[in-house]
Amino acid sequence: MQQPVTAFIDYLRYEKQHSPHTLSAYQRDLARVMQQATVRDIQEWEKITEKQLKYWLGLWHEDGLSSRSLQRLISSLRRFYQYLLTRGVVSNNPAQLLRAPKTGRPLPVTLDADQVNNLLDDQYGQADGDPLKCRDLAILELFYSSGLRLAELAALNVDSFSDGFSQVRVLGKRSKERVVPVGSKARQAVQHWLTFRELFVRGESDSALFLSKQGKRISTRQIQNRIKEFAREAGMSVGVHPHMLRHSFASHLLESSGDLRSIQELLGHSDISTTQIYTHLDFQHLAAVYDKAHPRAKKKD
C-alpha cells in the first residue's frame with residue numbers, strides 16, 4: 001500500500017508544490033489508515049470500504065483524536081482516493097461521504113496593542129549593540145507589520161524588498177506570490193539588521209535575508225525559539241509565537257479599518273471565510289468594551 005502513497009506525495013510535492021508541512025500532514029494521515037489496514041490484513045487501498053473507515057474514525061475519536069484532526073484526515077483520504085481514481089488504481093472513493101463530528105473553531109489568540117509595544121519598543125536599546133538581537137527585532141517587526149506566515153518570513157531574500165523597503169514580495173502557500181506593505185518601524189529594523197548581516201555570511205554570499213550564527217538561512221524552528229526567548233527577556237507573561245503576531249496584525253487592522261477584503265489580500269487567504277474568524281474576534285473585543293462602558297450592560301446588586 002505504500003507505493004501509491006509515495007507516488008501521491010511526489011505528485012503533491014512536484015506538481016502541486018505543496019509545503020513540507022502539508023506533505024507531512026498527508027503522510028501522517030495516510031500512515032494512520034495503513035496501520036489499521038495492516039492490522040486487518042488488508043493489502044490494497046481498493047479493499048477498504050466506507051463502513052471500515054467509519055469504524056476506524058470511531059476508534060480514533062475514542063482514543064482522543066480531535067474532531068479537527070479527524071476532519072483533516074477525511075480530507076486527506078478524499079483527495080488521495082480521488083488521485084487513485086484518476087489513475088485507475090481504485091474504482092470508487094470510500095471517503096467521499098465520510099463526516100467527522102462538528103467542532104467549534106477556536107478563536108485565535110492575539111496580543112493587544114500595548115503588549116506589542118511593550119514587546120518591541122523596550123528592546124531597541126539592546127538591539128543596538130547585539131547583532132542577533134537586532135536580527136530578532138527585525139523578524140518580530142516584520143511579522144507584526146506585514147502579517148507574514150512563519151515559512152514566508154524564513155524564505156525571504158535580501159532582494160525580496162522594493163520601493164525603498166516599503167514593500168516585500170512574499171511566496172505564500174502553493175507558491176502564490178503577493179506583495180504586502182512594510183511599516184516604517186519594520187523598514188528601519190530590517191535596514192539596521194542589514195548593517196550587521198555581512199558579519200554572518202560564510203563563503204559565497206547567501207541571498208537569505210535572515211542568517212543564523214553559522215551563516216545559513218535561519219530555520220523556522222530557530223525563529224520560533226528566538227521569538228520565545230525574545231518575549232521572555234521582554235518580560236511578557238504570555239508565550240509569544242509567530243502566528244500570534246500574524247493574528248495580532250489582522251485583528252488590529254480589522255479593528256481600525258473594518259476592511260475584511262483587504263485583510264484577506266494582505267494575509268494571502270484564498271477564501272474570505274478563513275479571514276472571517278477575525279470578525280468574531282473583533283466582535284468579542286467590542287462586546288467587552290460594551291460590558292465595561294454601557295451603564296445598563298450589567299445588573300447591579
# chains A, B, ... in the order shown; residues from 1 in each chain; ligands from 1
$ residues_around --residues "Lys47 in chain A" --least-positions-apart "6" --cutoff "10 Å" --atoms "only C-alpha atoms" --output "list in words"
Ala37, Val90 and Pro94 of chain A
$ write_last_selection --atoms "N, CA and C atoms" --output "CSV table (one decimal), in the first residue's frame"
chain,number,residue,atom,x,y,z
A,37,ALA,N,-5.2,-0.8,8.3
A,37,ALA,CA,-5.4,-1.8,7.3
A,37,ALA,C,-4.5,-3.0,7.5
A,90,VAL,N,-8.1,2.5,-8.1
A,90,VAL,CA,-9.3,2.1,-7.4
A,90,VAL,C,-10.5,2.4,-8.3
A,94,PRO,N,-14.2,5.6,-1.1
A,94,PRO,CA,-15.0,5.3,0.1
A,94,PRO,C,-15.0,6.4,1.1
$ select_by_dssp --residues "range 32-154 of chain A" --states "helix (DSSP H, G or I)" --output "PyMOL selection string"
chain A and resi 32-39+45-47+50-62+67-86+113-121+124-128+131-146+150-154
$ closest_residue --among "A:Leu70, A:Leu107, A:Ile218, A:Ala234" --to "Asp121 in chain A" --atoms "only C-alpha atoms"
A:Ala234
$ residues_around --residues "range 198-201 of chain A" --least-positions-apart "2" --cutoff "12 Å" --atoms "only C-alpha atoms" --output "list in words"
Asp130, Pro131, Leu132, Arg135, Val158, His192, Trp193, Leu194, Thr195, Phe196, Gly203, Glu204, Ser205, Asp206, Ser207, Ala208, Leu209, Phe210, Leu211, Ser212, Lys213, Gln214, Gly215, Lys216, Arg217 and Ile218 of chain A
